[in-house]
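Visitor: You'll find work14.cif just under this line, and it carries mmCIF, C-alpha atoms.
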data_entry
#
loop_
_atom_site.group_PDB
_atom_site.id
_atom_site.type_symbol
_atom_site.label_atom_id
_atom_site.label_comp_id
_atom_site.auth_asym_id
_atom_site.auth_seq_id
_atom_site.Cartn_x
_atom_site.Cartn_y
_atom_site.Cartn_z
ATOM 1 C CA MET O 13 204.333 -200.306 -37.419
ATOM 2 C CA ALA O 14 207.367 -199.275 -35.372
ATOM 3 C CA ALA O 15 209.374 -199.466 -38.583
ATOM 4 C CA LEU O 16 207.505 -196.436 -39.849
ATOM 5 C CA GLY O 17 209.742 -194.224 -37.777
ATOM 6 C CA GLY O 18 213.008 -195.874 -38.881
ATOM 7 C CA ASP O 19 215.950 -194.427 -40.757
ATOM 8 C CA GLY O 20 215.093 -196.370 -43.921
ATOM 9 C CA LEU O 21 212.016 -194.259 -44.617
ATOM 10 C CA ARG O 22 212.513 -191.135 -46.661
ATOM 11 C CA LEU O 23 210.856 -187.758 -46.778
ATOM 12 C CA LEU O 24 211.485 -186.056 -50.100
ATOM 13 C CA SER O 25 212.423 -182.403 -50.240
ATOM 14 C CA VAL O 26 214.116 -180.021 -52.619
ATOM 15 C CA SER O 27 216.987 -179.155 -50.311
ATOM 16 C CA GLN O 28 218.331 -179.797 -46.811
ATOM 17 C CA PRO O 29 217.145 -176.423 -45.427
ATOM 18 C CA GLU O 30 213.649 -177.170 -46.677
ATOM 19 C CA ARG O 31 213.799 -180.601 -45.034
ATOM 20 C CA GLN O 32 214.713 -178.950 -41.726
ATOM 21 C CA SER O 33 211.952 -176.382 -42.016
ATOM 22 C CA GLU O 34 209.422 -179.101 -42.851
ATOM 23 C CA SER O 35 210.538 -181.134 -39.846
ATOM 24 C CA ALA O 36 210.293 -178.122 -37.601
ATOM 25 C CA ALA O 37 206.834 -177.328 -38.901
ATOM 26 C CA LEU O 38 205.697 -180.872 -38.309
ATOM 27 C CA GLY O 39 207.074 -180.865 -34.826
ATOM 28 C CA GLY O 40 209.539 -183.754 -34.990
ATOM 29 C CA PRO O 41 211.513 -186.068 -37.232
ATOM 30 C CA GLY O 42 210.227 -185.358 -40.719
ATOM 31 C CA SER O 43 210.373 -188.861 -42.135
ATOM 32 C CA GLY O 44 208.690 -190.576 -39.189
ATOM 33 C CA LEU O 45 205.807 -188.137 -38.946
ATOM 34 C CA CYS O 46 205.408 -188.079 -42.730
ATOM 35 C CA CYS O 47 204.930 -191.843 -42.720
ATOM 36 C CA TRP O 48 202.458 -191.781 -39.870
ATOM 37 C CA VAL O 49 200.455 -189.079 -41.647
ATOM 38 C CA SER O 50 200.542 -191.136 -44.860
ATOM 39 C CA VAL O 51 199.409 -194.362 -43.210
ATOM 40 C CA PHE O 52 196.711 -192.628 -41.177
ATOM 41 C CA SER O 53 195.432 -190.858 -44.307
ATOM 42 C CA CYS O 54 195.242 -194.129 -46.233
ATOM 43 C CA LEU O 55 193.529 -195.878 -43.344
ATOM 44 C CA SER O 56 191.033 -193.029 -43.053
ATOM 45 C CA LEU O 57 190.245 -193.247 -46.761
ATOM 46 C CA ALA O 58 189.723 -197.015 -46.592
ATOM 47 C CA CYS O 59 187.464 -196.755 -43.533
ATOM 48 C CA SER O 60 185.491 -193.891 -45.088
ATOM 49 C CA TYR O 61 184.955 -195.828 -48.301
ATOM 50 C CA VAL O 62 183.761 -199.000 -46.576
ATOM 51 C CA GLY O 63 181.832 -197.079 -43.910
ATOM 52 C CA SER O 64 179.901 -195.194 -46.570
ATOM 53 C CA LEU O 65 178.364 -198.495 -47.673
ATOM 54 C CA TYR O 66 176.697 -198.898 -44.287
ATOM 55 C CA VAL O 67 175.310 -195.435 -43.629
ATOM 56 C CA TRP O 68 172.003 -196.667 -45.059
ATOM 57 C CA LYS O 69 170.031 -198.944 -42.769
ATOM 58 C CA SER O 70 168.322 -201.697 -44.731
ATOM 59 C CA GLU O 71 167.194 -205.282 -44.265
ATOM 60 C CA LEU O 72 167.689 -205.973 -47.959
ATOM 61 C CA PRO O 73 170.693 -207.893 -49.394
ATOM 62 C CA ARG O 74 173.556 -206.050 -51.121
ATOM 63 C CA ASP O 75 172.397 -207.050 -54.621
ATOM 64 C CA HIS O 76 168.966 -205.466 -54.260
ATOM 65 C CA PRO O 77 168.641 -202.507 -56.686
ATOM 66 C CA ALA O 78 167.517 -200.148 -53.900
ATOM 67 C CA VAL O 79 170.601 -200.979 -51.815
ATOM 68 C CA ILE O 80 172.889 -200.586 -54.820
ATOM 69 C CA LYS O 81 171.449 -197.157 -55.681
ATOM 70 C CA ARG O 82 171.942 -195.894 -52.133
ATOM 71 C CA ARG O 83 175.494 -197.179 -52.027
ATOM 72 C CA PHE O 84 176.205 -195.519 -55.366
ATOM 73 C CA THR O 85 175.388 -192.207 -53.739
ATOM 74 C CA SER O 86 177.585 -192.724 -50.685
ATOM 75 C CA VAL O 87 180.678 -194.089 -52.456
ATOM 76 C CA LEU O 88 180.491 -191.390 -55.120
ATOM 77 C CA VAL O 89 180.437 -188.725 -52.405
ATOM 78 C CA VAL O 90 183.419 -190.283 -50.597
ATOM 79 C CA SER O 91 185.346 -190.773 -53.847
ATOM 80 C CA SER O 92 184.675 -187.196 -54.938
ATOM 81 C CA LEU O 93 186.026 -185.907 -51.619
ATOM 82 C CA SER O 94 189.036 -188.259 -51.513
ATOM 83 C CA PRO O 95 191.374 -185.857 -53.416
ATOM 84 C CA LEU O 96 190.906 -183.446 -50.502
ATOM 85 C CA CYS O 97 192.637 -186.033 -48.318
ATOM 86 C CA VAL O 98 195.661 -185.962 -50.633
ATOM 87 C CA LEU O 99 195.588 -182.168 -50.575
ATOM 88 C CA LEU O 100 195.502 -182.180 -46.764
ATOM 89 C CA TRP O 101 198.332 -184.728 -46.672
ATOM 90 C CA ARG O 102 200.421 -182.464 -48.893
ATOM 91 C CA GLU O 103 199.838 -179.511 -46.593
ATOM 92 C CA LEU O 104 200.616 -181.481 -43.431
ATOM 93 C CA THR O 105 203.827 -183.030 -44.739
ATOM 94 C CA GLY O 106 205.009 -180.049 -46.758
ATOM 95 C CA ILE O 107 205.900 -182.318 -49.690
ATOM 96 C CA GLN O 108 205.775 -180.544 -53.047
ATOM 97 C CA PRO O 109 205.128 -183.078 -55.841
ATOM 98 C CA GLY O 110 206.334 -180.732 -58.584
ATOM 99 C CA THR O 111 203.136 -181.311 -60.551
ATOM 100 C CA SER O 112 199.414 -180.660 -60.176
ATOM 101 C CA LEU O 113 197.306 -182.773 -57.861
ATOM 102 C CA LEU O 114 195.169 -184.139 -60.715
ATOM 103 C CA THR O 115 198.252 -185.104 -62.717
ATOM 104 C CA LEU O 116 199.712 -186.845 -59.679
ATOM 105 C CA MET O 117 196.459 -188.824 -59.384
ATOM 106 C CA GLY O 118 196.600 -189.991 -62.996
ATOM 107 C CA PHE O 119 194.265 -187.486 -64.633
ATOM 108 C CA ARG O 120 196.296 -186.309 -67.628
ATOM 109 C CA LEU O 121 196.150 -186.351 -71.415
ATOM 110 C CA GLU O 122 199.765 -187.191 -72.269
ATOM 111 C CA GLY O 123 199.924 -190.839 -73.362
ATOM 112 C CA ILE O 124 196.274 -191.475 -72.598
ATOM 113 C CA PHE O 125 195.545 -193.695 -75.616
ATOM 114 C CA PRO O 126 198.283 -196.272 -74.997
ATOM 115 C CA ALA O 127 197.464 -196.037 -71.272
ATOM 116 C CA ALA O 128 193.869 -197.050 -72.031
ATOM 117 C CA LEU O 129 194.632 -199.801 -74.547
ATOM 118 C CA LEU O 130 197.899 -201.527 -73.621
ATOM 119 C CA PRO O 131 197.194 -202.435 -69.951
ATOM 120 C CA LEU O 132 193.790 -203.805 -70.970
ATOM 121 C CA LEU O 133 195.398 -205.830 -73.775
ATOM 122 C CA LEU O 134 197.974 -207.158 -71.316
ATOM 123 C CA THR O 135 195.235 -208.214 -68.890
ATOM 124 C CA MET O 136 193.257 -209.913 -71.660
ATOM 125 C CA ILE O 137 196.394 -211.860 -72.622
ATOM 126 C CA LEU O 138 196.656 -213.057 -69.014
ATOM 127 C CA PHE O 139 193.037 -214.224 -69.262
ATOM 128 C CA LEU O 140 193.591 -216.029 -72.574
ATOM 129 C CA GLY O 141 192.630 -219.383 -71.041
ATOM 130 C CA PRO O 142 189.397 -218.127 -69.415
ATOM 131 C CA LEU O 143 188.492 -216.274 -72.633
ATOM 132 C CA MET O 144 188.955 -219.496 -74.624
ATOM 133 C CA GLN O 145 186.838 -221.320 -72.047
ATOM 134 C CA LEU O 146 184.133 -218.689 -72.343
ATOM 135 C CA SER O 147 184.059 -218.968 -76.141
ATOM 136 C CA MET O 148 183.998 -222.794 -76.046
ATOM 137 C CA ASP O 149 181.044 -222.804 -73.663
ATOM 138 C CA CYS O 150 179.131 -220.109 -75.533
ATOM 139 C CA THR O 151 176.251 -221.415 -77.651
ATOM 140 C CA CYS O 152 176.425 -218.572 -80.203
ATOM 141 C CA ASP O 153 179.131 -218.071 -82.815
ATOM 142 C CA LEU O 154 181.454 -215.076 -83.025
ATOM 143 C CA ALA O 155 179.352 -213.174 -85.572
ATOM 144 C CA ASP O 156 176.186 -213.468 -83.491
ATOM 145 C CA GLY O 157 178.074 -212.472 -80.369
ATOM 146 C CA LEU O 158 179.435 -209.334 -82.023
ATOM 147 C CA LYS O 159 175.944 -208.407 -83.227
ATOM 148 C CA VAL O 160 174.652 -208.638 -79.672
ATOM 149 C CA VAL O 161 177.534 -206.632 -78.188
ATOM 150 C CA LEU O 162 177.301 -203.892 -80.821
ATOM 151 C CA ALA O 163 173.539 -203.550 -80.566
ATOM 152 C CA PRO O 164 172.368 -200.347 -78.772
ATOM 153 C CA ARG O 165 169.655 -202.365 -77.016
ATOM 154 C CA PHE O 166 172.325 -204.487 -75.303
ATOM 155 C CA TRP O 167 174.046 -201.425 -73.838
ATOM 156 C CA ALA O 168 170.719 -199.871 -72.877
ATOM 157 C CA ARG O 169 169.950 -202.976 -70.809
ATOM 158 C CA CYS O 170 173.402 -202.868 -69.224
ATOM 159 C CA LEU O 171 173.083 -199.225 -68.237
ATOM 160 C CA THR O 172 169.769 -199.907 -66.499
ATOM 161 C CA ASP O 173 171.093 -202.982 -64.672
ATOM 162 C CA MET O 174 172.222 -201.852 -61.217
ATOM 163 C CA ARG O 175 174.478 -204.856 -60.666
ATOM 164 C CA TRP O 176 176.205 -204.319 -64.015
ATOM 165 C CA LEU O 177 176.729 -200.636 -63.261
ATOM 166 C CA ARG O 178 178.153 -201.476 -59.846
ATOM 167 C CA ASN O 179 180.553 -204.186 -61.061
ATOM 168 C CA GLN O 180 181.666 -202.656 -64.361
ATOM 169 C CA VAL O 181 181.549 -198.898 -63.761
ATOM 170 C CA ILE O 182 181.119 -197.575 -60.213
ATOM 171 C CA ALA O 183 183.245 -200.085 -58.282
ATOM 172 C CA PRO O 184 186.238 -199.994 -60.682
ATOM 173 C CA LEU O 185 186.179 -196.206 -60.948
ATOM 174 C CA THR O 186 185.758 -195.384 -57.263
ATOM 175 C CA GLU O 187 188.018 -198.137 -55.915
ATOM 176 C CA GLU O 188 190.886 -197.282 -58.258
ATOM 177 C CA LEU O 189 190.464 -193.587 -57.501
ATOM 178 C CA VAL O 190 190.557 -194.093 -53.730
ATOM 179 C CA PHE O 191 192.900 -197.072 -53.358
ATOM 180 C CA ARG O 192 195.358 -196.302 -56.152
ATOM 181 C CA ALA O 193 195.193 -192.681 -57.326
ATOM 182 C CA CYS O 194 194.902 -191.231 -53.806
ATOM 183 C CA MET O 195 196.852 -193.722 -51.691
ATOM 184 C CA LEU O 196 199.919 -194.332 -53.855
ATOM 185 C CA PRO O 197 201.036 -190.670 -53.955
ATOM 186 C CA MET O 198 200.809 -190.587 -50.149
ATOM 187 C CA LEU O 199 202.593 -193.892 -49.563
ATOM 188 C CA ALA O 200 205.359 -193.565 -52.170
ATOM 189 C CA PRO O 201 207.361 -190.774 -50.429
ATOM 190 C CA CYS O 202 207.297 -192.836 -47.247
ATOM 191 C CA THR O 203 208.105 -196.338 -48.516
ATOM 192 C CA GLY O 204 209.387 -195.869 -52.049
ATOM 193 C CA LEU O 205 207.568 -197.094 -55.140
ATOM 194 C CA GLY O 206 208.447 -200.780 -54.871
ATOM 195 C CA PRO O 207 207.137 -201.325 -51.323
ATOM 196 C CA ALA O 208 204.146 -199.067 -52.073
ATOM 197 C CA VAL O 209 203.047 -201.483 -54.809
ATOM 198 C CA PHE O 210 202.648 -204.182 -52.141
ATOM 199 C CA THR O 211 201.570 -201.973 -49.221
ATOM 200 C CA CYS O 212 198.726 -200.154 -50.956
ATOM 201 C CA PRO O 213 196.828 -203.390 -51.853
ATOM 202 C CA LEU O 214 196.664 -204.363 -48.180
ATOM 203 C CA PHE O 215 194.208 -201.513 -47.588
ATOM 204 C CA PHE O 216 192.293 -202.658 -50.677
ATOM 205 C CA GLY O 217 192.197 -206.301 -49.563
ATOM 206 C CA VAL O 218 191.157 -205.527 -45.987
ATOM 207 C CA ALA O 219 188.401 -203.250 -47.315
ATOM 208 C CA HIS O 220 186.754 -206.302 -48.903
ATOM 209 C CA PHE O 221 186.369 -208.025 -45.530
ATOM 210 C CA HIS O 222 183.110 -206.145 -45.051
ATOM 211 C CA HIS O 223 181.412 -208.816 -47.192
ATOM 212 C CA ILE O 224 181.679 -211.090 -44.132
ATOM 213 C CA ILE O 225 179.134 -208.894 -42.333
ATOM 214 C CA GLU O 226 176.428 -209.428 -44.926
ATOM 215 C CA GLN O 227 177.171 -213.126 -45.401
ATOM 216 C CA LEU O 228 176.859 -213.727 -41.659
ATOM 217 C CA ARG O 229 173.821 -211.471 -41.466
ATOM 218 C CA PHE O 230 171.900 -213.371 -44.138
ATOM 219 C CA SER O 231 173.308 -216.796 -43.126
ATOM 220 C CA GLN O 232 174.449 -217.459 -46.686
ATOM 221 C CA SER O 233 176.829 -220.232 -45.613
ATOM 222 C CA SER O 234 178.572 -221.766 -42.616
ATOM 223 C CA VAL O 235 180.845 -219.548 -40.543
ATOM 224 C CA GLY O 236 183.935 -221.540 -41.502
ATOM 225 C CA SER O 237 183.287 -221.343 -45.226
ATOM 226 C CA ILE O 238 182.498 -217.619 -44.977
ATOM 227 C CA PHE O 239 185.834 -216.852 -43.341
ATOM 228 C CA LEU O 240 187.664 -219.166 -45.734
ATOM 229 C CA SER O 241 186.050 -217.345 -48.643
ATOM 230 C CA ALA O 242 187.013 -214.005 -47.101
ATOM 231 C CA ALA O 243 190.646 -215.101 -46.737
ATOM 232 C CA PHE O 244 190.706 -216.196 -50.377
ATOM 233 C CA GLN O 245 189.116 -212.939 -51.507
ATOM 234 C CA PHE O 246 191.642 -210.942 -49.487
ATOM 235 C CA SER O 247 194.514 -212.798 -51.164
ATOM 236 C CA TYR O 248 193.048 -212.400 -54.650
ATOM 237 C CA THR O 249 192.196 -208.714 -54.247
ATOM 238 C CA ALA O 250 195.611 -207.982 -52.708
ATOM 239 C CA VAL O 251 197.401 -209.574 -55.677
ATOM 240 C CA PHE O 252 195.114 -207.775 -58.111
ATOM 241 C CA GLY O 253 195.656 -204.513 -56.216
ATOM 242 C CA ALA O 254 199.425 -204.920 -56.537
ATOM 243 C CA TYR O 255 198.999 -205.419 -60.287
ATOM 244 C CA THR O 256 196.886 -202.310 -60.789
ATOM 245 C CA ALA O 257 199.232 -200.320 -58.516
ATOM 246 C CA PHE O 258 202.082 -201.431 -60.777
ATOM 247 C CA LEU O 259 200.087 -200.306 -63.830
ATOM 248 C CA PHE O 260 199.304 -196.954 -62.215
ATOM 249 C CA ILE O 261 202.962 -196.266 -61.455
ATOM 250 C CA ARG O 262 204.321 -197.478 -64.792
ATOM 251 C CA THR O 263 201.762 -195.626 -66.937
ATOM 252 C CA GLY O 264 201.061 -192.596 -64.748
ATOM 253 C CA HIS O 265 197.377 -192.899 -65.653
ATOM 254 C CA LEU O 266 194.235 -193.942 -63.804
ATOM 255 C CA ILE O 267 192.314 -195.094 -66.878
ATOM 256 C CA GLY O 268 194.327 -198.293 -67.384
ATOM 257 C CA PRO O 269 193.738 -199.695 -63.873
ATOM 258 C CA VAL O 270 190.030 -198.757 -64.091
ATOM 259 C CA LEU O 271 189.520 -200.613 -67.391
ATOM 260 C CA CYS O 272 191.487 -203.637 -66.176
ATOM 261 C CA HIS O 273 189.469 -203.666 -62.958
ATOM 262 C CA SER O 274 186.218 -203.597 -64.917
ATOM 263 C CA PHE O 275 187.395 -206.423 -67.186
ATOM 264 C CA CYS O 276 188.478 -208.603 -64.247
ATOM 265 C CA ASN O 277 185.160 -207.991 -62.490
ATOM 266 C CA TYR O 278 183.413 -209.253 -65.621
ATOM 267 C CA MET O 279 185.636 -212.325 -65.970
ATOM 268 C CA GLY O 280 185.772 -213.262 -62.295
ATOM 269 C CA PHE O 281 188.388 -215.630 -60.890
ATOM 270 C CA PRO O 282 189.527 -218.151 -63.534
ATOM 271 C CA ALA O 283 187.563 -221.411 -63.302
ATOM 272 C CA VAL O 284 190.640 -223.626 -63.242
ATOM 273 C CA CYS O 285 188.806 -226.625 -61.775
ATOM 274 C CA ALA O 286 186.192 -226.474 -64.525
ATOM 275 C CA ALA O 287 188.991 -226.261 -67.098
ATOM 276 C CA LEU O 288 190.548 -229.450 -65.722
ATOM 277 C CA GLU O 289 187.262 -231.293 -66.282
ATOM 278 C CA HIS O 290 186.431 -229.652 -69.619
ATOM 279 C CA PRO O 291 185.896 -231.936 -72.677
ATOM 280 C CA GLN O 292 188.547 -229.894 -74.511
ATOM 281 C CA ARG O 293 190.902 -229.886 -71.572
ATOM 282 C CA ARG O 294 194.225 -230.033 -73.421
ATOM 283 C CA PRO O 295 193.847 -227.008 -75.727
ATOM 284 C CA LEU O 296 192.202 -225.113 -72.888
ATOM 285 C CA LEU O 297 195.048 -225.754 -70.448
ATOM 286 C CA ALA O 298 197.493 -224.861 -73.203
ATOM 287 C CA GLY O 299 195.644 -221.554 -73.535
ATOM 288 C CA TYR O 300 195.953 -220.972 -69.781
ATOM 289 C CA ALA O 301 199.703 -221.658 -69.891
ATOM 290 C CA LEU O 302 200.224 -219.580 -73.038
ATOM 291 C CA GLY O 303 198.349 -216.639 -71.537
ATOM 292 C CA VAL O 304 200.453 -216.635 -68.364
ATOM 293 C CA GLY O 305 203.667 -217.036 -70.355
ATOM 294 C CA LEU O 306 202.872 -214.199 -72.769
ATOM 295 C CA PHE O 307 201.760 -212.006 -69.873
ATOM 296 C CA LEU O 308 205.098 -212.426 -68.090
ATOM 297 C CA LEU O 309 206.959 -211.882 -71.352
ATOM 298 C CA LEU O 310 205.059 -208.704 -72.280
ATOM 299 C CA LEU O 311 204.609 -207.209 -68.792
ATOM 300 C CA GLN O 312 207.662 -204.948 -68.993
ATOM 301 C CA PRO O 313 207.473 -203.980 -72.717
ATOM 302 C CA LEU O 314 203.778 -203.053 -72.652
ATOM 303 C CA THR O 315 204.212 -200.976 -69.493
ATOM 304 C CA ASP O 316 207.403 -199.257 -70.634
ATOM 305 C CA PRO O 317 207.190 -195.689 -69.254
ATOM 306 C CA LYS O 318 208.535 -194.360 -72.574
ATOM 307 C CA LEU O 319 205.121 -195.141 -74.084
ATOM 308 C CA TYR O 320 203.281 -192.932 -71.598
ATOM 309 C CA GLY O 321 205.405 -189.811 -71.170
ATOM 310 C CA SER O 322 206.541 -188.331 -67.882
ATOM 311 C CA LEU O 323 205.506 -190.381 -64.830
ATOM 312 C CA PRO O 324 204.165 -188.167 -61.991
ATOM 313 C CA LEU O 325 205.126 -190.514 -59.146
ATOM 314 C CA CYS O 326 208.638 -190.884 -60.525
ATOM 315 C CA VAL O 327 208.925 -187.098 -60.699
ATOM 316 C CA LEU O 328 207.801 -187.031 -57.071
ATOM 317 C CA LEU O 329 210.586 -189.443 -56.109
ATOM 318 C CA GLU O 330 213.305 -188.380 -58.538
ATOM 319 C CA ARG O 331 215.563 -187.124 -55.743
ATOM 320 C CA ALA O 332 215.209 -190.317 -53.687
ATOM 321 C CA GLY O 333 218.158 -192.037 -55.420
ATOM 322 C CA ASP O 334 218.211 -194.758 -58.060
ATOM 323 C CA SER O 335 216.358 -197.475 -56.116
ATOM 324 C CA GLU O 336 213.203 -196.956 -58.200
ATOM 325 C CA ALA O 337 214.938 -197.441 -61.586
ATOM 326 C CA LEU O 338 213.123 -200.690 -62.339
ATOM 327 C CA LEU O 339 209.699 -199.054 -62.041
ATOM 328 C CA CYS O 340 210.554 -195.691 -63.557
ATOM 329 C CA SER O 341 212.455 -196.859 -66.638
#
Now, as a test, write the supplied structure out as structure tokens.
Guide:
Amino acid sequence: MAALGGDGLRLLSVSQPERQSESAALGGPGSGLCCWVSVFSCLSLACSYVGSLYVWKSELPRDHPAVIKRRFTSVLVVSSLSPLCVLLWRELTGIQPGTSLLTLMGFRLEGIFPAALLPLLLTMILFLGPLMQLSMDCTCDLADGLKVVLAPRFWARCLTDMRWLRNQVIAPLTEELVFRACMLPMLAPCTGLGPAVFTCPLFFGVAHFHHIIEQLRFSQSSVGSIFLSAAFQFSYTAVFGAYTAFLFIRTGHLIGPVLCHSFCNYMGFPAVCAALEHPQRRPLLAGYALGVGLFLLLLQPLTDPKLYGSLPLCVLLERAGDSEALLCS
């Protein structure tokens, strides 16, 4: 953490006199204090989000509908108030983004259709192997499956299922809003866009450690396996968080990360071990390899900023030099 006050960290400003006035207003070296304010704001948001899940005292497990409904209320309140944290950060640091707060957080109309479709398509390509596995193991054919998915009754059941709403709607929306749309604008002026992609997910990964509390509380497994599972979940969520942070920066939209988050929650972690033992192992593993290969090949073209218009975070950092060229062009 001592590095947060170093010379390598940058506070953006329009001119040198403004930088001096900002530093004077903040009471010390502008860049160091800016970074401390940014990190403290992100930490406060993460703690508020996780803490809101435990304001309700209950002996019921996390998947009980009553618990889910209460947690919906608390996380929605915290998420709705989270933009105020960004607003306060802006006032404390004196940084002027050059765009509106909502635009900076990915709420904008320019390029919204490609921002909704292309990141989701890219993520589905990555999951080509698991999608093939899902179709091979499904007892119904494609036509029957489409009939079920397109039926209003199917969606009516989903919208009344508290677990489905949590995993596919509330969690993706609120987590991406808090951990991407609010944190990245605060971290980027301090670290730059590249390091922010990998710093922001650490808050997201640590926030998932709270599952340990409930697993220990309900004795769902041995202590060793619980902590091993938590370490794996931290690694997986941190990598996923870096991916959605990359999408947020490259598209300048929140909708893409939210849809990708919802899709990944539905798919879960790829069942690689099951694929290795599958009766149709060879074509399935070929699908896994093809999906990863196509994903790496298409990652840059499908997230080309030219498809999405002006990028708010790149506008915020446009006077920081050319070190962000790979993410902004």
Visitor: Please write as a PyMOL selection string the full residue list that the PyMOL selection byres ((chain O and resi 95-104) around 10) yields on this file.
Guide: chain O and resi 34+37-38+45-46+49-50+52-54+56-57+90-94+105-109+113-114+116-117+189-190+193-198
Visitor: Residues of the last selection are to be written out with C-alpha atoms, as a PDB file, keeping the file's coordinate frame.
Guide:
ATOM      1  CA  GLU O  34     209.422-179.101 -42.851  1.00  0.00           C
ATOM      2  CA  ALA O  37     206.834-177.328 -38.901  1.00  0.00           C
ATOM      3  CA  LEU O  38     205.697-180.872 -38.309  1.00  0.00           C
ATOM      4  CA  LEU O  45     205.807-188.137 -38.946  1.00  0.00           C
ATOM      5  CA  CYS O  46     205.408-188.079 -42.730  1.00  0.00           C
ATOM      6  CA  VAL O  49     200.455-189.079 -41.647  1.00  0.00           C
ATOM      7  CA  SER O  50     200.542-191.136 -44.860  1.00  0.00           C
ATOM      8  CA  PHE O  52     196.711-192.628 -41.177  1.00  0.00           C
ATOM      9  CA  SER O  53     195.432-190.858 -44.307  1.00  0.00           C
ATOM     10  CA  CYS O  54     195.242-194.129 -46.233  1.00  0.00           C
ATOM     11  CA  SER O  56     191.033-193.029 -43.053  1.00  0.00           C
ATOM     12  CA  LEU O  57     190.245-193.247 -46.761  1.00  0.00           C
ATOM     13  CA  VAL O  90     183.419-190.283 -50.597  1.00  0.00           C
ATOM     14  CA  SER O  91     185.346-190.773 -53.847  1.00  0.00           C
ATOM     15  CA  SER O  92     184.675-187.196 -54.938  1.00  0.00           C
ATOM     16  CA  LEU O  93     186.026-185.907 -51.619  1.00  0.00           C
ATOM     17  CA  SER O  94     189.036-188.259 -51.513  1.00  0.00           C
ATOM     18  CA  THR O 105     203.827-183.030 -44.739  1.00  0.00           C
ATOM     19  CA  GLY O 106     205.009-180.049 -46.758  1.00  0.00           C
ATOM     20  CA  ILE O 107     205.900-182.318 -49.690  1.00  0.00           C
ATOM     21  CA  GLN O 108     205.775-180.544 -53.047  1.00  0.00           C
ATOM     22  CA  PRO O 109     205.128-183.078 -55.841  1.00  0.00           C
ATOM     23  CA  LEU O 113     197.306-182.773 -57.861  1.00  0.00           C
ATOM     24  CA  LEU O 114     195.169-184.139 -60.715  1.00  0.00           C
ATOM     25  CA  LEU O 116     199.712-186.845 -59.679  1.00  0.00           C
ATOM     26  CA  MET O 117     196.459-188.824 -59.384  1.00  0.00           C
ATOM     27  CA  LEU O 189     190.464-193.587 -57.501  1.00  0.00           C
ATOM     28  CA  VAL O 190     190.557-194.093 -53.730  1.00  0.00           C
ATOM     29  CA  ALA O 193     195.193-192.681 -57.326  1.00  0.00           C
ATOM     30  CA  CYS O 194     194.902-191.231 -53.806  1.00  0.00           C
ATOM     31  CA  MET O 195     196.852-193.722 -51.691  1.00  0.00           C
ATOM     32  CA  LEU O 196     199.919-194.332 -53.855  1.00  0.00           C
ATOM     33  CA  PRO O 197     201.036-190.670 -53.955  1.00  0.00           C
ATOM     34  CA  MET O 198     200.809-190.587 -50.149  1.00  0.00           C
TER      35      MET O 198
END
Visitor: Could you tell me which of O:Val87, O:Leu328, O:Leu134, O:Leu271 comes closest to Ala200 of chain O if we count all atoms listed in the file?
Guide: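 Among the listed residues, O:Leu328 lies closest to Ala200 of chain O.
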Visitor: Here is a test: counting all atoms listed in the file, which residue of O:Met174, O:Trp48, O:Ser86, O:Ser112 is nearest to Ser64 of chain O?
Guide: O:Ser86
Visitor: Excluding Gly217 of chain O and residues on its chain fewer than 4 positions from it, collect all residues at most 6 Å away from it, counting all atoms listed in the file, and give them as a ChimeraX atom specification.
Guide: /O:213,246,249-250
Visitor: Name every residue that the PyMOL selection byres ((chain O and resi 266) around 8) selects in this structure, writing the answer as a list in words with chains first and numbers rising.
Guide: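 Applying the expression gives Met117, Gly118, Phe119, Glu188, Leu189, Ala193, Phe260, Gly264, His265, Ile267, Gly268, Pro269 and Val270 of chain O.
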Visitor: Quick one: what's the axis-aligned box for segment 245-262 of chain O, all listed atoms, 4 Å on every side, centre and edges in Å to one decimal, as JSON?
Guide:
{"center_x": 196.7, "center_y": -204.6, "center_z": -57.1, "size_x": 23.2, "size_y": 24.7, "size_z": 23.3}
Visitor: Pick from O:Val181, O:Leu296, O:Leu214, O:Ala127: nearest to Gly321 of chain O, with only C-alpha atoms counted?
Guide: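 The answer is O:Ala127, which sits nearest to Gly321 of chain O.
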Visitor: Write out as a list of chain:residue names each polymer residue whose atoms come within 6 Å of Ser274 of chain O, counting all atoms listed in the file; drop sequence neighbours fewer than 3 positions from it.
Guide: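 The residues that qualify are O:Gln180, O:Pro184, O:Leu271, O:Asn277.
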Visitor: Using the chain letters and numbers from this file, what does the PyMOL selection byres ((chain O and resi 208-210) around 12) select? Give the answer as a PyMOL selection string.
Guide: chain O and resi 21+47+50-51+54+191-192+195-207+211-217+247+249-262+325+336+339
Visitor: List the residues sitting within 12 Å of (196.3, -214.9, -70.6) in the file's frame, using only C-alpha atoms, as a PyMOL selection string.
Guide: chain O and resi 132-145+276+279+282+296-311
Visitor: Tell me which of O:Leu129, O:Val218, O:Leu314, O:Arg293 sits closest to Ala58 of chain O, counting only C-alpha atoms.
Guide: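 Selected residue with least distance to Ala58 of chain O: O:Val218.
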